[in-house]
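Shown below: query_23.cif, with mmCIF, C-alpha atoms and all ligand atoms.
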```cif
data_data
loop_
_atom_site.label_atom_id
_atom_site.label_comp_id
_atom_site.auth_asym_id
_atom_site.auth_seq_id
_atom_site.Cartn_x
_atom_site.Cartn_y
_atom_site.Cartn_z
CA MET A 365 14.99 -70.70 -56.59
CA ARG A 366 12.16 -73.21 -56.61
CA ILE A 367 10.77 -74.95 -59.70
CA THR A 368 7.16 -76.05 -59.34
CA PRO A 369 6.14 -77.71 -62.63
CA SER A 370 2.50 -77.70 -63.67
CA LEU A 371 1.09 -81.12 -64.58
CA LEU A 372 -1.64 -79.53 -66.71
CA ASN A 373 0.13 -80.68 -69.87
CA ALA A 374 1.19 -84.04 -68.45
CA ASP A 375 -0.55 -87.37 -69.14
CA PHE A 376 -3.59 -87.29 -66.82
CA ALA A 377 -3.95 -91.08 -67.17
CA ASN A 378 -0.54 -91.48 -65.53
CA LEU A 379 -0.04 -88.62 -63.07
CA ALA A 380 2.10 -90.64 -60.65
CA GLY A 381 4.41 -91.68 -63.49
CA GLU A 382 4.58 -88.11 -64.76
CA ALA A 383 5.51 -86.86 -61.26
CA ALA A 384 8.25 -89.49 -61.08
CA ARG A 385 9.83 -88.02 -64.23
CA ILE A 386 10.58 -84.77 -62.36
CA PRO A 387 12.15 -86.02 -59.09
CA THR A 388 13.87 -82.70 -58.26
CA ALA A 389 10.73 -80.57 -58.65
CA ASP A 390 10.19 -78.64 -55.42
CA PHE A 391 6.41 -79.01 -55.64
CA LEU A 392 3.90 -80.45 -58.11
CA HIS A 393 1.72 -77.56 -59.30
CA MET A 394 -1.84 -78.80 -59.84
CA ASP A 395 -4.25 -76.53 -61.71
CA VAL A 396 -7.85 -76.75 -60.50
CA MET A 397 -10.37 -75.07 -62.83
CA ASP A 398 -14.15 -74.91 -62.48
CA ASN A 399 -15.37 -73.46 -65.82
CA HIS A 400 -16.67 -70.39 -63.93
CA PHE A 401 -13.62 -68.50 -62.74
CA VAL A 402 -11.84 -69.62 -65.94
CA PRO A 403 -13.28 -71.11 -69.15
CA ASN A 404 -11.83 -74.59 -68.58
CA LEU A 405 -12.52 -77.58 -66.36
CA THR A 406 -9.78 -79.82 -64.95
CA LEU A 407 -9.75 -81.76 -61.68
CA GLY A 408 -10.73 -81.60 -58.04
CA ALA A 409 -9.71 -82.72 -54.55
CA PRO A 410 -10.06 -86.50 -55.20
CA VAL A 411 -7.34 -86.35 -57.86
CA ILE A 412 -5.08 -84.32 -55.54
CA GLU A 413 -5.67 -86.88 -52.81
CA ALA A 414 -4.64 -89.76 -55.06
CA LEU A 415 -1.54 -87.96 -56.33
CA ALA A 416 -0.50 -86.83 -52.82
CA LYS A 417 -0.39 -90.49 -51.82
CA ALA A 418 1.45 -91.61 -54.95
CA ALA A 419 4.06 -88.84 -55.37
CA THR A 420 7.15 -87.99 -53.33
CA GLN A 421 7.00 -84.23 -53.98
CA PRO A 422 4.61 -81.96 -52.04
CA ILE A 423 1.59 -80.57 -53.88
CA ASP A 424 0.98 -76.92 -54.71
CA ALA A 425 -2.73 -76.61 -55.60
CA HIS A 426 -3.62 -73.56 -57.75
CA LEU A 427 -7.36 -73.01 -57.42
CA MET A 428 -8.82 -71.14 -60.39
CA ILE A 429 -12.32 -71.46 -59.01
CA GLU A 430 -15.20 -69.39 -57.68
CA ASP A 431 -15.90 -69.56 -53.96
CA PRO A 432 -12.44 -70.67 -52.78
CA ASP A 433 -13.61 -69.74 -49.25
CA ARG A 434 -15.78 -72.84 -49.38
CA TRP A 435 -13.57 -75.23 -51.35
CA ALA A 436 -9.93 -74.47 -50.53
CA PRO A 437 -9.80 -76.21 -47.12
CA GLN A 438 -10.80 -79.49 -48.78
CA PHE A 439 -7.59 -79.39 -50.79
CA VAL A 440 -5.52 -79.31 -47.60
CA GLU A 441 -7.52 -82.27 -46.30
CA ALA A 442 -6.73 -83.99 -49.61
CA GLY A 443 -3.02 -83.58 -48.95
CA ALA A 444 -1.97 -80.32 -50.66
CA SER A 445 0.94 -78.65 -48.80
CA SER A 446 0.36 -75.26 -50.44
CA VAL A 447 -3.00 -73.88 -51.56
CA THR A 448 -3.34 -70.82 -53.80
CA PHE A 449 -6.66 -69.00 -54.11
CA HIS A 450 -7.39 -66.09 -56.45
CA VAL A 451 -8.00 -62.82 -54.65
CA GLU A 452 -10.52 -61.86 -57.36
CA ALA A 453 -12.70 -64.80 -56.25
CA ALA A 454 -12.16 -64.84 -52.48
CA LYS A 455 -14.87 -63.25 -50.35
CA ALA A 456 -12.72 -63.07 -47.19
CA PRO A 457 -9.08 -63.59 -48.12
CA VAL A 458 -7.74 -62.93 -44.61
CA ARG A 459 -10.08 -65.45 -43.05
CA LEU A 460 -9.30 -67.97 -45.76
CA ALA A 461 -5.51 -67.55 -45.46
CA ARG A 462 -5.73 -67.99 -41.68
CA GLU A 463 -7.87 -71.08 -42.09
CA LEU A 464 -5.39 -72.66 -44.50
CA ARG A 465 -2.49 -71.93 -42.17
CA ALA A 466 -4.43 -73.29 -39.20
CA GLN A 467 -4.84 -76.51 -41.17
CA GLY A 468 -1.06 -76.66 -41.55
CA ALA A 469 -0.78 -75.63 -45.21
CA ARG A 470 1.05 -72.77 -46.86
CA ALA A 471 -1.47 -70.04 -47.76
CA SER A 472 -1.01 -68.37 -51.13
CA MET A 473 -2.86 -65.63 -53.00
CA ALA A 474 -2.91 -65.30 -56.81
CA LEU A 475 -3.45 -62.22 -58.98
CA LYS A 476 -4.57 -62.21 -62.63
CA PRO A 477 -2.61 -59.94 -64.99
CA ALA A 478 -5.00 -56.98 -64.59
CA THR A 479 -5.19 -57.16 -60.78
CA PRO A 480 -2.85 -54.76 -58.96
CA ILE A 481 -0.91 -55.86 -55.85
CA GLU A 482 -1.06 -52.51 -54.05
CA PRO A 483 -4.59 -52.88 -52.52
CA TYR A 484 -3.39 -56.06 -50.82
CA GLU A 485 -0.19 -54.77 -49.24
CA ASP A 486 -1.57 -55.02 -45.71
CA LEU A 487 -2.56 -58.68 -46.29
CA LEU A 488 0.93 -59.87 -47.15
CA PRO A 489 1.94 -60.93 -43.61
CA GLU A 490 -1.01 -63.36 -43.69
CA LEU A 491 0.50 -65.20 -46.67
CA ASP A 492 3.28 -67.68 -47.40
CA MET A 493 3.33 -66.99 -51.15
CA VAL A 494 2.01 -64.55 -53.75
CA LEU A 495 1.38 -65.88 -57.26
CA ILE A 496 1.59 -63.37 -60.10
CA MET A 497 -0.07 -64.79 -63.22
CA THR A 498 1.93 -64.03 -66.35
CA VAL A 499 -0.87 -65.17 -68.69
CA GLU A 500 -4.64 -64.96 -68.34
CA PRO A 501 -5.42 -68.12 -66.34
CA GLY A 502 -7.22 -71.04 -67.94
CA PHE A 503 -4.88 -72.79 -70.34
CA GLY A 504 -1.33 -74.03 -70.65
CA GLY A 505 0.89 -73.13 -73.57
CA GLN A 506 0.09 -69.41 -73.75
CA ARG A 507 2.60 -66.68 -74.48
CA PHE A 508 4.29 -64.96 -71.52
CA LEU A 509 2.95 -61.43 -70.90
CA ASP A 510 5.86 -59.03 -70.46
CA LEU A 511 3.40 -56.42 -69.18
CA CYS A 512 3.37 -58.35 -65.88
CA LEU A 513 7.07 -57.71 -65.17
CA PRO A 514 6.60 -54.29 -63.49
CA LYS A 515 4.07 -55.85 -61.09
CA ILE A 516 6.54 -58.63 -60.23
CA ARG A 517 9.08 -55.90 -59.38
CA ARG A 518 6.59 -53.93 -57.29
CA THR A 519 5.51 -57.09 -55.46
CA ARG A 520 9.15 -57.96 -54.74
CA ALA A 521 9.65 -54.50 -53.23
CA LEU A 522 6.55 -54.86 -51.03
CA LEU A 523 7.61 -58.34 -49.87
CA ASP A 524 11.08 -57.07 -49.01
CA LYS A 525 9.46 -54.29 -46.98
CA VAL A 526 7.23 -56.75 -45.11
CA GLY A 527 10.16 -59.10 -44.44
CA GLY A 528 9.79 -62.73 -43.46
CA ASP A 529 9.92 -65.51 -46.01
CA ILE A 530 7.01 -64.96 -48.38
CA TRP A 531 7.66 -66.65 -51.74
CA LEU A 532 6.93 -64.91 -55.05
CA GLN A 533 5.70 -67.34 -57.70
CA VAL A 534 5.12 -66.71 -61.40
CA ASP A 535 2.86 -68.86 -63.60
CA GLY A 536 2.20 -68.76 -67.33
CA GLY A 537 4.53 -68.94 -70.30
CA VAL A 538 7.59 -69.55 -68.13
CA SER A 539 10.34 -71.16 -70.22
CA LEU A 540 14.09 -71.05 -70.80
CA GLU A 541 13.45 -67.84 -72.75
CA THR A 542 11.40 -66.02 -70.10
CA ILE A 543 12.52 -67.36 -66.72
CA GLU A 544 15.54 -65.03 -66.44
CA ARG A 545 13.30 -61.98 -66.86
CA CYS A 546 11.08 -63.24 -64.04
CA ALA A 547 14.02 -63.97 -61.75
CA GLU A 548 15.57 -60.60 -62.49
CA ALA A 549 12.25 -58.94 -61.58
CA GLY A 550 12.29 -60.73 -58.23
CA ALA A 551 10.40 -64.02 -58.60
CA ASP A 552 11.85 -66.97 -56.66
CA THR A 553 9.33 -69.74 -57.44
CA PHE A 554 8.54 -70.74 -61.00
CA VAL A 555 5.64 -72.70 -62.50
CA ALA A 556 6.34 -74.19 -65.93
CA GLY A 557 3.91 -76.49 -67.68
CA SER A 558 4.43 -76.87 -71.42
CA ALA A 559 8.16 -76.04 -71.10
CA VAL A 560 8.63 -79.07 -68.80
CA TYR A 561 6.21 -81.63 -70.23
CA GLY A 562 6.88 -80.57 -73.82
CA ALA A 563 10.56 -81.43 -73.31
CA ASP A 564 12.00 -84.83 -74.21
CA ASP A 565 13.39 -85.12 -70.68
CA PRO A 566 11.16 -83.23 -68.23
CA GLY A 567 13.50 -83.94 -65.31
CA ALA A 568 16.47 -82.43 -67.11
CA MET A 569 14.36 -79.42 -68.11
CA VAL A 570 13.53 -78.75 -64.45
CA GLU A 571 17.26 -78.52 -63.75
CA ARG A 572 17.94 -76.34 -66.81
CA LEU A 573 15.18 -73.96 -65.73
CA ARG A 574 16.64 -73.81 -62.23
CA GLU A 575 20.14 -73.08 -63.54
CA THR A 576 18.81 -70.40 -65.87
CA ALA A 577 16.82 -68.75 -63.07
CA VAL A 578 19.86 -68.69 -60.81
CA GLY A 579 21.77 -67.11 -63.73
C1 LIG B 1 -2.70 -71.62 -66.50
C2 LIG B 1 -2.17 -72.43 -65.35
C3 LIG B 1 -0.74 -72.74 -65.49
C4 LIG B 1 -0.37 -73.52 -66.72
C5 LIG B 1 0.99 -73.08 -67.12
O1 LIG B 1 -3.85 -71.00 -66.18
O2 LIG B 1 -2.35 -71.78 -64.12
O3 LIG B 1 -0.21 -73.35 -64.32
O4 LIG B 1 -0.37 -74.90 -66.55
O5 LIG B 1 1.30 -73.65 -68.34
P1 LIG B 1 2.44 -73.01 -69.27
O6 LIG B 1 3.70 -73.12 -68.48
O7 LIG B 1 2.41 -73.88 -70.46
O8 LIG B 1 2.05 -71.60 -69.55
ZN ZN B 2 -1.23 -72.65 -62.40
#
```
Output the file's structure as structure tokens, nothing else.
Amino acid sequence: MRITPSLLNADFANLAGEAARIPTADFLHMDVMDNHFVPNLTLGAPVIEALAKAATQPIDAHLMIEDPDRWAPQFVEAGASSVTFHVEAAKAPVRLARELRAQGARASMALKPATPIEPYEDLLPELDMVLIMTVEPGFGGQRFLDLCLPKIRRTRALLDKVGGDIWLQVDGGVSLETIERCAEAGADTFVAGSAVYGADDPGAMVERLRETAVG
């Protein structure tokens, strides 16, 4: 069980300090938004580059942007260890996943709540992780969508069929209340933003989330 906290609700003026508060986080999940794919604007590769140098944890960049085919490789150059693109935005997801892997990064594909996994079954061997969004992407602090649970289960079954070690990440509204449902449905990698940085002790919350996911 991996916990990959989102720094979207952390203090952007002190990202290195905020990362240091969660020393046992498996990755730092960084949400990149372009105000086209989602109605919000956050940060780009220069911020990832600065944080990658300052933090001890590896970086998991979640690109909620149009034209990831063009932009995603720059995030690997900036130091991201894992790069997630949205399949709804990618023009050539197989080519992009292969390019990311060739650069030495983990290649990951994200699906919005209304996007089914089934059309992408044959692509799974090209990936190191699938991200199932459990809110509509764009903002932290939204309510977990239970309607995504059947898709998490179906994705788990497809990944088990494919074999290998492809991680299944969930993102959106993950908290002490919802993480067990996600784990029970088959997720093994958990993004939590407001649950971690809204807590008095974010580092302790990472461990509580992990214990709750393990059950
Ligand atoms: C939302 C982002 C999430 C967000 C999660 O579009 O992709 O990573 O930061 O925040 P919470 O955990 O508060 O839903
Ligand atoms: Zn995210």
Rank A:Ile543, A:Met428, A:Leu495, A:Ala563 by their smallest atom-to-atom distance to Leu475 in chain A, using only C-alpha atoms, and report the top residue only.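 Looking only at the distances to Leu475 in chain A, the closest residue turns out to be A:Leu495.
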Can you pull out every residue with an atom within 12 Å of ligand ZN 2 (chain B)? Use all atoms listed in the file and format it as a count of residues only. 52
Mind checking which residues fall within 6 Å of range 433-440 of chain A, counting all atoms listed in the file, ignoring those fewer than 2 positions away in the same chain, and posting them as number ranges by chain? A: 409, 431, 442-444, 460
For Leu513 in chain A, work out the shell of residues within 12 Å, counting all atoms listed in the file and skipping chain neighbours fewer than 2 positions away, then give it as a PyMOL selection string. chain A and resi 477+496-499+508-511+515-520+534+542-551
What is the atom O8 of ligand LIG 1 (chain B) to CA of Val560 in chain A distance in Å? 10.0 Å
Within 10 Å of Ala418 in chain A using all atoms listed in the file, minus same-chain residues under 4 positions, as number ranges by chain: A: 379-381, 383-384, 412-414
With 3 Å added on each side, what axis-aligned box encloses every listed atom of range 427-440 of chain A? Give the centre and edge lengths in Å to one decimal, as JSON.
```
{"center_x": -10.7, "center_y": -74.4, "center_z": -53.8, "size_x": 16.4, "size_y": 16.1, "size_z": 19.3}
```
Between CA of Cys512 in chain A and CA of Ala461 in chain A - distance in Å to one decimal: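 Answer for the CA of Ala461 in chain A to CA of Cys512 in chain A separation: 24.1 Å.
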Interatomic distance between CA of Ala374 in chain A and CA of Arg574 in chain A?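 Atom-to-atom, CA of Ala374 in chain A to CA of Arg574 in chain A, that is 19.5 Å.
Using all atoms listed in the file for every distance, the candidate list A:Leu488, A:Met365, A:Val458, A:Val578 yields A:Leu488 as the residue closest to Asp524 in chain A.
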From the options A:Tyr561, A:Leu491, A:Gly408, A:Lys417, which residue's atoms come nearest to Ser446 in chain A, counting all atoms listed in the file? A:Leu491
I need the residue nearest ligand LIG 1 (chain B) from this list: A:Gly567, A:Pro480, A:Pro403, A:Gly527. Use all atoms listed in the file for the distance.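 The closest residue to ligand LIG 1 (chain B) is A:Pro403.
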For a quick check of your reading of the model, name the residues lying within 12 Å of the coordinate (-6.9, -68.1, -40.6), counting all atoms listed in the file, and write them as a PyMOL selection string. chain A and resi 433+437+456-471+487+489-491
Which is closer to ligand LIG 1 (chain B) than all the others in A:Val411, A:Ile386, A:Leu540, A:Ala568, using all atoms listed in the file? A:Leu540
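Among the candidates A:Leu405, A:Val494, A:Ala577, A:Ala559, the residue lying nearest to ligand LIG 1 (chain B) is A:Ala559 (atoms considered: only C-alpha atoms and all ligand atoms).
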Skipping near chain neighbours, those fewer than 3 positions away, what residues fall within 9 Å of Thr388 in chain A using all atoms listed in the file, listed as a list in words?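 The neighbour list is Ile367, Arg385, Phe391, Gln421, Gly567, Val570 and Glu571 of chain A.
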